[in-house]
$ cat structure_18.csv   # CSV, C-alpha atoms
chain,number,residue,atom,x,y,z
A,948,MET,CA,34.2,-11.3,-13.0
A,949,PRO,CA,31.3,-13.8,-13.3
A,950,ASP,CA,28.3,-12.7,-15.4
A,951,VAL,CA,25.5,-11.5,-13.1
A,952,ARG,CA,23.0,-12.5,-15.8
A,953,ARG,CA,23.6,-16.2,-15.0
A,954,ALA,CA,21.7,-15.6,-11.8
A,955,ASP,CA,18.4,-14.8,-13.4
A,956,LEU,CA,16.0,-14.7,-10.4
A,957,TRP,CA,16.8,-11.1,-9.6
A,958,HIS,CA,16.0,-10.1,-13.2
A,959,ALA,CA,12.7,-12.1,-13.2
A,960,MET,CA,11.7,-10.4,-9.9
A,961,ALA,CA,12.5,-6.9,-11.3
A,962,GLU,CA,10.7,-7.7,-14.5
A,963,SER,CA,7.6,-8.9,-12.7
A,964,ALA,CA,7.5,-5.6,-10.8
A,965,GLY,CA,7.8,-3.6,-14.0
A,966,LEU,CA,11.4,-2.4,-13.4
A,967,THR,CA,12.9,-3.7,-16.7
A,968,ASN,CA,13.8,-1.0,-19.2
A,969,PRO,CA,13.4,-1.6,-23.0
A,970,ASP,CA,17.2,-2.2,-23.3
A,971,GLY,CA,17.1,-4.9,-20.6
A,972,SER,CA,18.6,-2.8,-17.8
A,973,ILE,CA,16.9,-2.4,-14.5
A,974,GLY,CA,15.3,0.9,-13.6
A,975,GLU,CA,14.0,2.3,-10.3
A,976,THR,CA,10.5,1.8,-8.9
A,977,ILE,CA,7.9,4.2,-10.2
A,978,TYR,CA,8.1,6.0,-6.8
A,979,GLY,CA,11.8,6.6,-7.1
A,980,GLN,CA,11.4,7.7,-10.7
A,981,MET,CA,8.7,10.3,-9.9
A,982,THR,CA,10.6,11.6,-6.9
A,983,LYS,CA,13.6,12.3,-9.1
A,984,LEU,CA,11.4,13.9,-11.8
A,985,ALA,CA,9.9,16.2,-9.2
A,986,ALA,CA,13.3,17.2,-7.8
A,987,ARG,CA,14.8,17.7,-11.3
A,988,LEU,CA,11.9,20.0,-12.4
A,989,GLY,CA,11.3,21.7,-9.0
A,990,ALA,CA,7.7,20.4,-9.1
A,991,VAL,CA,5.4,19.6,-6.2
A,992,ASN,CA,5.9,15.9,-5.5
A,993,LEU,CA,2.5,14.4,-4.8
A,994,GLY,CA,3.8,11.0,-5.8
A,995,GLN,CA,5.3,8.7,-3.2
A,996,GLY,CA,3.0,7.9,-0.2
A,997,ALA,CA,5.5,9.1,2.4
A,998,PRO,CA,4.2,11.3,5.2
A,999,GLY,CA,5.1,14.9,5.1
A,1000,THR,CA,4.5,15.4,8.8
A,1001,GLU,CA,6.6,14.1,11.8
A,1002,PRO,CA,5.8,11.4,14.4
A,1003,PRO,CA,4.9,12.5,17.8
A,1004,ALA,CA,7.7,13.8,20.0
A,1005,GLU,CA,6.7,11.3,22.7
A,1006,LEU,CA,7.5,8.5,20.3
A,1007,ILE,CA,10.9,9.9,19.5
A,1008,ASP,CA,11.5,10.3,23.3
A,1009,ALA,CA,10.5,6.7,23.9
A,1010,ALA,CA,13.0,5.5,21.3
A,1011,THR,CA,15.7,7.5,22.8
A,1012,GLU,CA,15.0,6.1,26.3
A,1013,ALA,CA,15.0,2.6,24.9
A,1014,MET,CA,18.4,3.2,23.4
A,1015,ARG,CA,19.7,4.5,26.7
A,1016,ALA,CA,18.2,1.6,28.5
A,1017,GLY,CA,20.3,-0.8,26.4
A,1018,PHE,CA,17.9,-2.2,23.7
A,1019,ASN,CA,20.6,-1.8,21.1
A,1020,GLN,CA,21.6,-5.4,20.3
A,1021,TYR,CA,19.8,-8.2,18.5
A,1022,ALA,CA,16.1,-8.4,19.4
A,1023,PRO,CA,14.5,-11.8,19.8
A,1024,GLY,CA,13.7,-13.4,16.4
A,1025,GLN,CA,10.0,-13.2,17.0
A,1026,GLY,CA,10.3,-9.6,18.3
A,1027,PHE,CA,10.4,-8.1,21.7
A,1028,PRO,CA,7.6,-9.5,23.9
A,1029,GLN,CA,6.5,-5.9,24.7
A,1030,LEU,CA,5.7,-5.3,21.0
A,1031,LEU,CA,4.0,-8.7,20.5
A,1032,GLU,CA,1.8,-8.0,23.5
A,1033,ALA,CA,1.1,-4.4,22.4
A,1034,VAL,CA,0.1,-5.5,18.9
A,1035,ALA,CA,-2.2,-8.2,20.2
A,1036,ALA,CA,-3.9,-5.7,22.6
A,1037,GLN,CA,-4.2,-3.0,19.9
A,1038,ARG,CA,-6.0,-5.4,17.5
A,1039,GLU,CA,-8.5,-6.4,20.2
A,1040,ARG,CA,-9.0,-2.8,21.3
A,1041,ASP,CA,-9.4,-1.2,17.9
A,1042,PHE,CA,-10.8,-3.9,15.7
A,1043,ALA,CA,-12.3,-6.6,18.0
A,1044,GLN,CA,-9.7,-9.1,16.6
A,1045,SER,CA,-8.8,-11.6,19.3
A,1046,VAL,CA,-5.0,-12.2,19.1
A,1047,ASP,CA,-2.6,-14.2,21.3
A,1048,PRO,CA,0.9,-12.7,21.4
A,1049,ALA,CA,2.2,-16.1,20.3
A,1050,GLU,CA,0.5,-15.4,17.0
A,1051,VAL,CA,2.4,-12.1,16.4
A,1052,LEU,CA,5.8,-11.8,14.5
A,1053,TYR,CA,7.7,-8.6,14.2
A,1054,THR,CA,8.8,-7.9,10.6
A,1055,ALA,CA,10.9,-5.1,9.1
A,1056,GLY,CA,7.9,-3.4,7.7
A,1057,ALA,CA,4.8,-4.8,6.0
A,1058,THR,CA,6.8,-5.5,2.8
A,1059,GLU,CA,9.0,-8.0,4.6
A,1060,GLY,CA,5.9,-9.5,6.2
A,1061,LEU,CA,4.2,-10.0,2.9
A,1062,THR,CA,7.3,-11.3,1.2
A,1063,ALA,CA,8.1,-13.8,4.0
A,1064,ALA,CA,4.5,-15.0,4.1
A,1065,ILE,CA,4.4,-15.6,0.3
A,1066,LEU,CA,7.8,-17.4,0.4
A,1067,ALA,CA,6.6,-19.6,3.3
A,1068,LEU,CA,3.1,-20.4,2.1
A,1069,LEU,CA,3.1,-20.4,-1.7
A,1070,PRO,CA,3.8,-23.8,-3.2
A,1071,ARG,CA,6.2,-23.8,-6.3
A,1072,GLY,CA,4.0,-23.2,-9.3
A,1073,GLY,CA,1.1,-21.9,-7.1
A,1074,VAL,CA,-1.1,-19.0,-7.9
A,1075,VAL,CA,-1.7,-15.8,-5.9
A,1076,LEU,CA,-4.9,-14.0,-6.6
A,1077,ALA,CA,-4.7,-10.2,-5.9
A,1078,PHE,CA,-6.9,-7.2,-6.5
A,1079,GLU,CA,-5.6,-4.7,-9.1
A,1080,PRO,CA,-4.1,-2.1,-8.9
A,1081,PHE,CA,-1.6,-3.5,-6.5
A,1082,TYR,CA,1.6,-2.7,-4.6
A,1083,ASP,CA,4.6,-3.5,-6.7
A,1084,SER,CA,6.3,-5.8,-4.2
A,1085,TYR,CA,3.5,-8.4,-4.6
A,1086,PRO,CA,4.6,-9.7,-8.0
A,1087,ALA,CA,8.3,-9.6,-7.1
A,1088,ALA,CA,7.7,-11.8,-4.0
A,1089,ILE,CA,5.5,-14.2,-6.0
A,1090,THR,CA,8.1,-14.6,-8.6
A,1091,ALA,CA,10.8,-15.3,-6.0
A,1092,ALA,CA,8.5,-18.0,-4.6
A,1093,GLY,CA,8.2,-19.6,-8.0
A,1094,GLY,CA,4.5,-18.8,-8.4
A,1095,SER,CA,2.3,-16.7,-10.7
A,1096,LEU,CA,0.0,-13.8,-10.2
A,1097,LYS,CA,-3.6,-13.6,-11.2
A,1098,THR,CA,-5.6,-10.4,-10.7
A,1099,VAL,CA,-9.2,-9.1,-10.4
A,1100,PRO,CA,-9.7,-5.4,-11.0
A,1101,ILE,CA,-11.1,-2.8,-8.6
A,1102,LEU,CA,-12.7,-0.6,-11.2
A,1103,PRO,CA,-13.8,3.0,-11.2
A,1104,ASP,CA,-17.6,3.5,-11.1
A,1105,GLY,CA,-17.5,6.7,-13.1
A,1106,ASP,CA,-18.6,8.8,-10.1
A,1107,GLY,CA,-15.4,9.0,-8.1
A,1108,GLY,CA,-15.8,5.6,-6.4
A,1109,PHE,CA,-14.6,2.1,-7.0
A,1110,ALA,CA,-15.8,-1.5,-6.9
A,1111,PRO,CA,-14.2,-5.0,-7.4
A,1112,ASP,CA,-15.4,-7.2,-10.2
A,1113,TRP,CA,-17.0,-9.9,-8.1
A,1114,GLU,CA,-18.2,-12.0,-11.0
A,1115,LEU,CA,-14.7,-12.2,-12.4
A,1116,PHE,CA,-13.4,-12.9,-8.9
A,1117,ASP,CA,-15.5,-16.0,-8.6
A,1118,GLN,CA,-14.5,-17.1,-12.1
A,1119,VAL,CA,-10.8,-16.7,-11.5
A,1120,VAL,CA,-11.0,-18.5,-8.2
A,1121,ALA,CA,-12.8,-21.4,-9.8
A,1122,GLU,CA,-10.4,-21.5,-12.8
A,1123,THR,CA,-7.1,-21.0,-11.1
A,1124,ARG,CA,-7.7,-22.5,-7.6
A,1125,PRO,CA,-5.2,-20.0,-6.0
A,1126,ALA,CA,-3.1,-21.0,-3.1
A,1127,ILE,CA,-3.3,-17.5,-1.7
A,1128,ILE,CA,-5.9,-14.8,-2.0
A,1129,LEU,CA,-4.2,-11.4,-1.2
A,1130,VAL,CA,-6.5,-8.7,0.1
A,1131,ASN,CA,-5.3,-5.1,0.5
A,1132,THR,CA,-7.8,-3.2,2.6
A,1133,PRO,CA,-8.0,-0.2,2.8
A,1134,HIS,CA,-6.8,-0.4,-0.8
A,1135,ASN,CA,-3.9,1.5,-2.3
A,1136,PRO,CA,-4.5,3.6,-4.4
A,1137,THR,CA,-8.3,3.7,-4.5
A,1138,GLY,CA,-9.0,3.8,-0.7
A,1139,TYR,CA,-11.6,1.1,-1.3
A,1140,LEU,CA,-12.8,-0.5,2.0
A,1141,PHE,CA,-13.9,-4.1,1.7
A,1142,THR,CA,-17.1,-4.7,3.7
A,1143,ALA,CA,-17.6,-7.5,6.2
A,1144,SER,CA,-19.9,-9.3,3.7
A,1145,GLU,CA,-17.3,-9.0,0.9
A,1146,LEU,CA,-14.6,-10.4,3.1
A,1147,ALA,CA,-16.9,-13.2,4.2
A,1148,HIS,CA,-17.4,-14.0,0.5
A,1149,ILE,CA,-13.6,-14.0,0.0
A,1150,GLY,CA,-13.2,-16.3,3.0
A,1151,LYS,CA,-15.9,-18.7,1.6
A,1152,ALA,CA,-14.1,-18.8,-1.8
A,1153,ALA,CA,-10.8,-19.4,-0.1
A,1154,ALA,CA,-12.2,-22.3,1.9
A,1155,GLU,CA,-13.7,-23.9,-1.2
A,1156,VAL,CA,-10.2,-24.1,-2.8
A,1157,ASP,CA,-8.2,-24.5,0.4
A,1158,ALA,CA,-6.4,-21.1,0.0
A,1159,TRP,CA,-4.8,-18.8,2.5
A,1160,VAL,CA,-6.1,-15.3,2.8
A,1161,LEU,CA,-3.1,-13.0,3.1
A,1162,THR,CA,-3.9,-9.4,4.1
A,1163,ASP,CA,-2.2,-6.0,3.6
A,1164,GLU,CA,-3.8,-3.6,6.2
A,1165,VAL,CA,-1.2,-0.9,6.5
A,1166,TYR,CA,-3.8,1.9,6.1
A,1167,GLU,CA,-6.0,0.3,8.8
A,1168,GLN,CA,-6.0,3.4,11.1
A,1169,LEU,CA,-6.4,5.9,8.3
A,1170,VAL,CA,-10.1,5.5,7.4
A,1171,LEU,CA,-11.6,8.9,6.6
A,1172,THR,CA,-15.3,7.9,6.6
A,1173,ASP,CA,-17.7,6.5,9.1
A,1174,GLN,CA,-17.6,3.0,7.5
A,1175,GLY,CA,-14.5,1.8,9.5
A,1176,HIS,CA,-11.9,-0.8,8.8
A,1177,VAL,CA,-13.0,-4.4,9.0
A,1178,PRO,CA,-10.0,-6.9,9.4
A,1179,PRO,CA,-10.5,-10.0,7.2
A,1180,ALA,CA,-9.6,-12.1,10.2
A,1181,VAL,CA,-12.7,-10.8,12.0
A,1182,ALA,CA,-15.1,-11.2,9.0
A,1183,ILE,CA,-13.9,-14.6,7.7
A,1184,ALA,CA,-15.3,-17.6,9.5
A,1185,ASP,CA,-12.2,-19.7,9.4
A,1186,ARG,CA,-9.7,-17.2,10.9
A,1187,GLU,CA,-6.9,-19.7,11.0
A,1188,ARG,CA,-6.6,-19.5,7.2
A,1189,VAL,CA,-6.1,-15.7,7.5
A,1190,VAL,CA,-2.6,-14.3,7.7
A,1191,THR,CA,-2.8,-10.6,8.8
A,1192,VAL,CA,0.0,-8.2,7.8
A,1193,SER,CA,0.2,-4.6,9.0
A,1194,SER,CA,2.6,-2.0,10.3
A,1195,ALA,CA,3.0,1.2,12.3
A,1196,GLY,CA,4.6,3.3,9.6
A,1197,LYS,CA,1.6,4.9,8.1
A,1198,SER,CA,-0.4,5.3,11.4
A,1199,TRP,CA,2.5,6.9,13.3
A,1200,ASN,CA,4.4,8.7,10.5
A,1201,THR,CA,7.4,6.4,10.9
A,1202,THR,CA,7.7,4.7,7.5
A,1203,GLY,CA,11.5,4.7,8.0
A,1204,TRP,CA,11.4,2.7,11.2
A,1205,LYS,CA,10.1,-0.4,9.5
A,1206,ILE,CA,8.0,-1.7,12.4
A,1207,GLY,CA,5.6,-4.2,10.9
A,1208,TRP,CA,4.0,-7.4,12.0
A,1209,VAL,CA,2.4,-10.7,10.9
A,1210,ILE,CA,-0.5,-12.3,12.8
A,1211,ALA,CA,-1.1,-16.0,12.2
A,1212,ALA,CA,-1.9,-19.2,14.0
A,1213,PRO,CA,1.3,-20.2,16.0
A,1214,GLU,CA,2.4,-22.9,13.6
A,1215,VAL,CA,1.8,-20.6,10.6
A,1216,ARG,CA,3.6,-17.8,12.3
A,1217,GLU,CA,6.5,-20.1,13.0
A,1218,ALA,CA,6.7,-21.1,9.3
A,1219,ILE,CA,6.8,-17.5,8.3
A,1220,GLN,CA,9.4,-16.7,10.9
A,1221,ALA,CA,11.6,-19.5,9.6
A,1222,VAL,CA,11.7,-17.5,6.3
A,1223,LYS,CA,11.9,-14.1,7.8
A,1224,GLN,CA,14.9,-14.9,10.0
A,1225,PHE,CA,17.0,-15.3,6.8
A,1226,LEU,CA,15.8,-12.0,5.4
A,1227,THR,CA,16.6,-9.5,8.2
A,1228,PHE,CA,16.7,-11.9,11.2
A,1229,THR,CA,15.6,-9.0,13.3
A,1230,ALA,CA,15.9,-5.2,13.3
A,1231,GLY,CA,14.8,-2.0,15.0
A,1232,GLY,CA,15.2,-3.0,18.6
A,1233,PRO,CA,14.8,0.4,20.3
A,1234,MET,CA,12.0,1.3,17.9
A,1235,GLN,CA,10.2,-1.9,18.7
A,1236,ILE,CA,10.2,-0.9,22.4
A,1237,ALA,CA,9.1,2.6,21.7
A,1238,MET,CA,6.3,1.5,19.4
A,1239,ALA,CA,5.1,-1.0,22.0
A,1240,GLN,CA,4.9,1.9,24.5
A,1241,MET,CA,2.8,4.0,22.1
A,1242,LEU,CA,0.5,1.1,21.1
A,1243,SER,CA,-0.1,0.3,24.8
A,1244,GLY,CA,-0.5,3.9,26.0
A,1245,ASP,CA,-3.2,6.6,25.8
A,1246,SER,CA,-1.7,8.7,23.0
A,1247,ARG,CA,-4.2,10.6,20.8
A,1248,PHE,CA,-1.7,10.8,18.0
A,1249,VAL,CA,-3.4,8.3,15.6
A,1250,GLU,CA,-6.7,10.1,15.9
A,1251,GLU,CA,-5.0,13.5,15.4
A,1252,ASN,CA,-3.0,12.2,12.5
A,1253,ARG,CA,-6.2,10.9,10.8
A,1254,ALA,CA,-7.9,14.3,11.3
A,1255,SER,CA,-4.9,16.1,9.9
A,1256,LEU,CA,-5.0,13.8,6.8
A,1257,ALA,CA,-8.7,14.5,6.3
A,1258,ALA,CA,-8.0,18.2,6.5
A,1259,ARG,CA,-5.3,18.0,3.9
A,1260,ALA,CA,-7.6,15.9,1.7
A,1261,GLU,CA,-10.2,18.7,2.0
A,1262,VAL,CA,-7.7,21.1,0.6
A,1263,LEU,CA,-6.3,19.0,-2.3
A,1264,VAL,CA,-9.4,17.1,-3.6
A,1265,PRO,CA,-11.7,20.2,-4.1
A,1266,ALA,CA,-8.7,21.8,-5.9
A,1267,CYS,CA,-8.4,18.8,-8.2
A,1268,ARG,CA,-12.1,19.0,-8.9
A,1269,THR,CA,-11.6,22.5,-10.4
A,1270,VAL,CA,-10.1,20.8,-13.4
A,1271,PRO,CA,-13.1,20.7,-15.9
A,1272,GLY,CA,-13.9,17.2,-17.1
A,1273,ALA,CA,-11.7,15.3,-14.7
A,1274,ILE,CA,-13.2,12.6,-12.4
A,1275,VAL,CA,-11.6,12.9,-9.0
A,1276,SER,CA,-12.1,10.1,-6.4
A,1277,THR,CA,-13.4,10.8,-2.9
A,1278,PRO,CA,-10.8,9.3,-0.5
A,1279,ARG,CA,-12.3,6.9,1.9
A,1280,ALA,CA,-9.1,5.8,3.5
A,1281,GLY,CA,-5.3,6.1,3.0
A,1282,TYR,CA,-3.2,8.8,1.5
A,1283,PHE,CA,-4.5,9.2,-2.1
A,1284,THR,CA,-7.0,10.6,-4.5
A,1285,VAL,CA,-7.2,9.1,-8.1
A,1286,MET,CA,-7.7,11.6,-10.9
A,1287,ASP,CA,-9.1,10.3,-14.2
A,1288,PHE,CA,-8.1,12.7,-17.1
A,1289,SER,CA,-9.5,10.4,-19.9
A,1290,ALA,CA,-12.2,13.0,-21.0
A,1291,LEU,CA,-9.4,15.6,-21.4
A,1292,THR,CA,-6.6,13.8,-23.2
A,1293,ASP,CA,-5.6,11.0,-25.4
A,1294,LEU,CA,-2.3,10.8,-23.6
A,1295,ASP,CA,-1.6,7.8,-21.3
A,1296,ALA,CA,-0.9,8.5,-17.7
A,1297,PHE,CA,2.8,8.3,-18.1
A,1298,ALA,CA,3.0,10.9,-20.8
A,1299,LEU,CA,0.4,13.0,-19.1
A,1300,ASN,CA,2.2,13.0,-15.8
A,1301,ASP,CA,5.4,14.1,-17.6
A,1302,LEU,CA,3.5,16.9,-19.3
A,1303,LEU,CA,1.9,18.1,-16.1
A,1304,ALA,CA,5.2,18.0,-14.3
A,1305,ARG,CA,6.9,20.1,-17.0
A,1306,GLU,CA,4.1,22.6,-17.6
A,1307,PHE,CA,2.3,22.8,-14.3
A,1308,SER,CA,4.9,21.5,-11.8
A,1309,LEU,CA,2.6,18.7,-10.6
A,1310,VAL,CA,4.0,15.1,-10.1
A,1311,GLY,CA,1.9,12.1,-9.2
A,1312,ILE,CA,2.1,8.3,-9.8
A,1313,PRO,CA,0.6,7.0,-13.0
A,1314,VAL,CA,-1.9,4.4,-11.9
A,1315,PRO,CA,-1.1,2.0,-14.8
A,1316,ALA,CA,2.3,1.6,-13.2
A,1317,LEU,CA,0.4,-0.4,-10.5
A,1318,CYS,CA,-1.3,-2.6,-13.0
A,1319,ARG,CA,-0.3,-5.4,-15.4
A,1320,ALA,CA,0.0,-4.1,-19.0
A,1321,ASP,CA,-2.4,-6.8,-20.4
A,1322,SER,CA,-5.1,-6.4,-17.8
A,1323,PRO,CA,-8.6,-4.7,-17.8
A,1324,ALA,CA,-7.4,-2.5,-14.9
A,1325,TYR,CA,-4.5,-1.1,-17.0
A,1326,GLU,CA,-7.0,0.1,-19.6
A,1327,ALA,CA,-9.5,1.3,-17.0
A,1328,TYR,CA,-6.8,3.5,-15.4
A,1329,ARG,CA,-5.0,4.4,-18.7
A,1330,SER,CA,-5.2,8.1,-18.1
A,1331,SER,CA,-5.4,8.1,-14.3
A,1332,ILE,CA,-2.9,9.6,-11.9
A,1333,ARG,CA,-2.6,9.0,-8.1
A,1334,TYR,CA,-2.0,12.1,-6.0
A,1335,SER,CA,-0.9,12.1,-2.3
A,1336,PHE,CA,-2.4,14.4,0.3
A,1337,CYS,CA,-0.2,13.0,3.0
A,1338,LYS,CA,2.5,15.5,2.1
A,1339,SER,CA,3.3,18.5,4.2
A,1340,VAL,CA,0.7,21.2,4.6
A,1341,GLU,CA,2.9,23.5,2.5
A,1342,ASP,CA,3.2,20.9,-0.3
A,1343,VAL,CA,-0.5,20.2,-0.3
A,1344,ASP,CA,-1.3,23.9,-0.4
A,1345,LYS,CA,1.1,24.4,-3.3
A,1346,GLY,CA,-0.4,21.4,-5.1
A,1347,ALA,CA,-3.9,22.8,-4.6
A,1348,GLU,CA,-2.8,26.1,-6.0
A,1349,ARG,CA,-1.4,24.5,-9.1
A,1350,PHE,CA,-4.5,22.3,-9.7
A,1351,ILE,CA,-6.6,25.5,-9.6
A,1352,ALA,CA,-4.2,27.1,-12.1
A,1353,LEU,CA,-4.5,24.0,-14.3
A,1354,GLY,CA,-8.3,24.2,-14.2
A,1355,GLU,CA,-8.3,27.9,-15.2
A,1356,HIS,CA,-5.8,27.1,-18.0
A,1357,LEU,CA,-8.0,24.4,-19.3
A,1358,ARG,CA,-11.1,26.5,-19.3
A,1359,ASN,CA,-9.3,28.9,-21.6
A,1360,HIS,CA,-7.5,26.2,-23.6
A,1361,PRO,CA,-9.6,23.1,-23.5
A,1362,ASP,CA,-7.3,21.1,-25.8
A,1363,ALA,CA,-4.1,21.8,-23.8
A,1364,LEU,CA,-3.7,18.2,-22.7
A,1365,ARG,CA,-4.3,16.7,-26.1
A,1366,ALA,CA,-1.3,15.1,-27.8
A,1367,SER,CA,0.2,17.4,-30.4

$ encode --input "structure_18.csv" --output "structure tokens"
Amino acid sequence: MPDVRRADLWHAMAESAGLTNPDGSIGETIYGQMTKLAARLGAVNLGQGAPGTEPPAELIDAATEAMRAGFNQYAPGQGFPQLLEAVAAQRERDFAQSVDPAEVLYTAGATEGLTAAILALLPRGGVVLAFEPFYDSYPAAITAAGGSLKTVPILPDGDGGFAPDWELFDQVVAETRPAIILVNTPHNPTGYLFTASELAHIGKAAAEVDAWVLTDEVYEQLVLTDQGHVPPAVAIADRERVVTVSSAGKSWNTTGWKIGWVIAAPEVREAIQAVKQFLTFTAGGPMQIAMAQMLSGDSRFVEENRASLAARAEVLVPACRTVPGAIVSTPRAGYFTVMDFSALTDLDAFALNDLLAREFSLVGIPVPALCRADSPAYEAYRSSIRYSFCKSVEDVDKGAERFIALGEHLRNHPDALRAS
């Protein structure tokens, strides 16, 4: 059989996403690794950001009705008009972002939307500037497109909050002249919300180097403070250089449905669609119809889901803060709190996560897994672990109990997390 190693792009993509093992073999994503670790040890899995609660029954019923109505064959390449119109209306209603349905493209989740946009818009050899930590699909897509990734850190402020390094941002833009500036807001894992003035600053920087602004807004409906989500396409003066990517998975607890969308000027949308049609062509016909119905209707589920997440955060985060010496972030949006153990241990986050899994049945995601190994962010988050409060009420309650037990143990044994 031919040697698979001759086709080296897959290996380069895996390596850029941190999936290459020391022996050269390809491992699982950090999310898959931690899910398996939790299952093997019987630990509480607060790792992967997958909802532990179900979508609304009315959405399931709408999908069933769509199947019975015959929406079971190929959907139009751009997506069913019902979904395109519903997304356009939702953006206007919720975020005052004026969108024409001709600007909307259905994608198989936000990951495909981001990948298709990068493949379509990044010139060979071009630079994508992203904020770090980052979702691991970003570097894989950039590598596939023949580009390179530069990053600017979003750093802990020492008091449970975070802030981008804006001085470094301006420097990197000037030095690398990126073709794309990728903005994830609300940010995973920190929950950082870019303000309108910060987004305007990004837009101005992009205009100076003629860059696209590509957004990842999958947590747009899950803001847990009064600040509110500001879409970059609303805050940036030249909205035609903004390509918006989002999805319904997080807002409606349907991450397995893969209902995502790209919003861009029609000629830009068309270019991205030209790439997307050779990735999945199309998918999820009945789910597109069902989601269109939910986005267009008067369901209160999104608001109820947000309130439920806030309630679960109010259980997990105070429990995390019973651990003496740990710095625990205040979630402003999304699914996660970030816990900095650096005052308690000389272990890195990977070794510490393993220890906490074995000794205290707690599994999270080491934040350095979402950073480049040679970056300031990697060092800043060296002993930080991301924990999810989107899990079921039962799992969040169990996790809280175990953090309280960990805190009590450390009060009696302050050096318990030190390397032996």

$ residues_around --input "structure_18.csv" --residues "Leu1031 (chain A)" --least-positions-apart "5" --cutoff "9 Å" --atoms "only C-alpha atoms" --output "list of chain:residue names"
A:Gln1025, A:Gly1026, A:Ala1036, A:Asp1047, A:Pro1048, A:Ala1049, A:Glu1050, A:Val1051, A:Leu1052, A:Tyr1053, A:Trp1208, A:Ala1239

$ closest_residue --input "structure_18.csv" --among "A:Trp957, A:Tyr1282, A:Tyr1166, A:Phe1225" --to "Ala997 (chain A)" --atoms "all atoms listed in the file"
A:Tyr1282

$ atom_distance --input "structure_18.csv" --atom1 "CA of Asn1300 (chain A)" --atom2 "CA of Ala1280 (chain A)"
23.5 Å

$ residues_around --input "structure_18.csv" --residues "Gly971 (chain A)" --least-positions-apart "2" --cutoff "12 Å" --atoms "all atoms listed in the file" --output "number ranges by chain"
A: 952, 958-959, 961-962, 965-969, 973-974

$ residues_around --input "structure_18.csv" --residues "Gly1207 (chain A)" --least-positions-apart "5" --cutoff "6 Å" --atoms "only C-alpha atoms" --output "list of chain:residue names"
A:Tyr1053, A:Thr1054, A:Ala1055, A:Gly1056, A:Ala1057, A:Ser1193, A:Ser1194

$ residues_near_point --input "structure_18.csv" --point "(-4.6, 14.9, -3.2)" --cutoff "9 Å" --atoms "only C-alpha atoms" --output "VMD selection string"
chain A and resid 993 1259 to 1267 1278 1282 to 1286 1333 to 1338 1343 1346 to 1347

$ write_last_selection --input "structure_18.csv" --atoms "C-alpha atoms" --output "CSV table (one decimal), keeping the file's coordinate frame"
chain,number,residue,atom,x,y,z
A,993,LEU,CA,2.5,14.4,-4.8
A,1259,ARG,CA,-5.3,18.0,3.9
A,1260,ALA,CA,-7.6,15.9,1.7
A,1261,GLU,CA,-10.2,18.7,2.0
A,1262,VAL,CA,-7.7,21.1,0.6
A,1263,LEU,CA,-6.3,19.0,-2.3
A,1264,VAL,CA,-9.4,17.1,-3.6
A,1265,PRO,CA,-11.7,20.2,-4.1
A,1266,ALA,CA,-8.7,21.8,-5.9
A,1267,CYS,CA,-8.4,18.8,-8.2
A,1278,PRO,CA,-10.8,9.3,-0.5
A,1282,TYR,CA,-3.2,8.8,1.5
A,1283,PHE,CA,-4.5,9.2,-2.1
A,1284,THR,CA,-7.0,10.6,-4.5
A,1285,VAL,CA,-7.2,9.1,-8.1
A,1286,MET,CA,-7.7,11.6,-10.9
A,1333,ARG,CA,-2.6,9.0,-8.1
A,1334,TYR,CA,-2.0,12.1,-6.0
A,1335,SER,CA,-0.9,12.1,-2.3
A,1336,PHE,CA,-2.4,14.4,0.3
A,1337,CYS,CA,-0.2,13.0,3.0
A,1338,LYS,CA,2.5,15.5,2.1
A,1343,VAL,CA,-0.5,20.2,-0.3
A,1346,GLY,CA,-0.4,21.4,-5.1
A,1347,ALA,CA,-3.9,22.8,-4.6

$ atom_distance --input "structure_18.csv" --atom1 "CA of Ala1237 (chain A)" --atom2 "CA of Glu1214 (chain A)"
27.6 Å

$ residues_around --input "structure_18.csv" --residues "Pro1080 (chain A)" --least-positions-apart "2" --cutoff "7 Å" --atoms "all atoms listed in the file" --output "NGL selection string"
:A and (1078 or 1100 or 1317-1318 or 1324)

$ write_last_selection --input "structure_18.csv" --atoms "C-alpha atoms" --output "PDB file, keeping the file's coordinate frame"
ATOM      1  CA  PHE A1078      -6.900  -7.200  -6.500  1.00  0.00           C
ATOM      2  CA  PRO A1100      -9.700  -5.400 -11.000  1.00  0.00           C
ATOM      3  CA  LEU A1317       0.400  -0.400 -10.500  1.00  0.00           C
ATOM      4  CA  CYS A1318      -1.300  -2.600 -13.000  1.00  0.00           C
ATOM      5  CA  ALA A1324      -7.400  -2.500 -14.900  1.00  0.00           C
TER       6      ALA A1324
END

$ closest_residue --input "structure_18.csv" --among "A:Pro1179, A:Pro1111, A:Gly1203, A:Gly1244" --to "Val1034 (chain A)" --atoms "all atoms listed in the file"
A:Gly1244

$ closest_residue --input "structure_18.csv" --among "A:Leu956, A:Val1130, A:Leu1115, A:Ala990" --to "Leu1102 (chain A)" --atoms "only C-alpha atoms"
A:Leu1115

$ closest_residue --input "structure_18.csv" --among "A:Gln1029, A:Ser1289, A:Asn1200, A:Gln1044" --to "Asn1252 (chain A)" --atoms "only C-alpha atoms"
A:Asn1200

$ atom_distance --input "structure_18.csv" --atom1 "CA of Thr1058 (chain A)" --atom2 "CA of Ile1101 (chain A)"
21.4 Å

$ residues_around --input "structure_18.csv" --residues "region 1083-1088 of chain A" --least-positions-apart "2" --cutoff "6 Å" --atoms "only C-alpha atoms" --output "MDAnalysis selection string"
chainID A and resid 960 963:964 1062 1090:1091
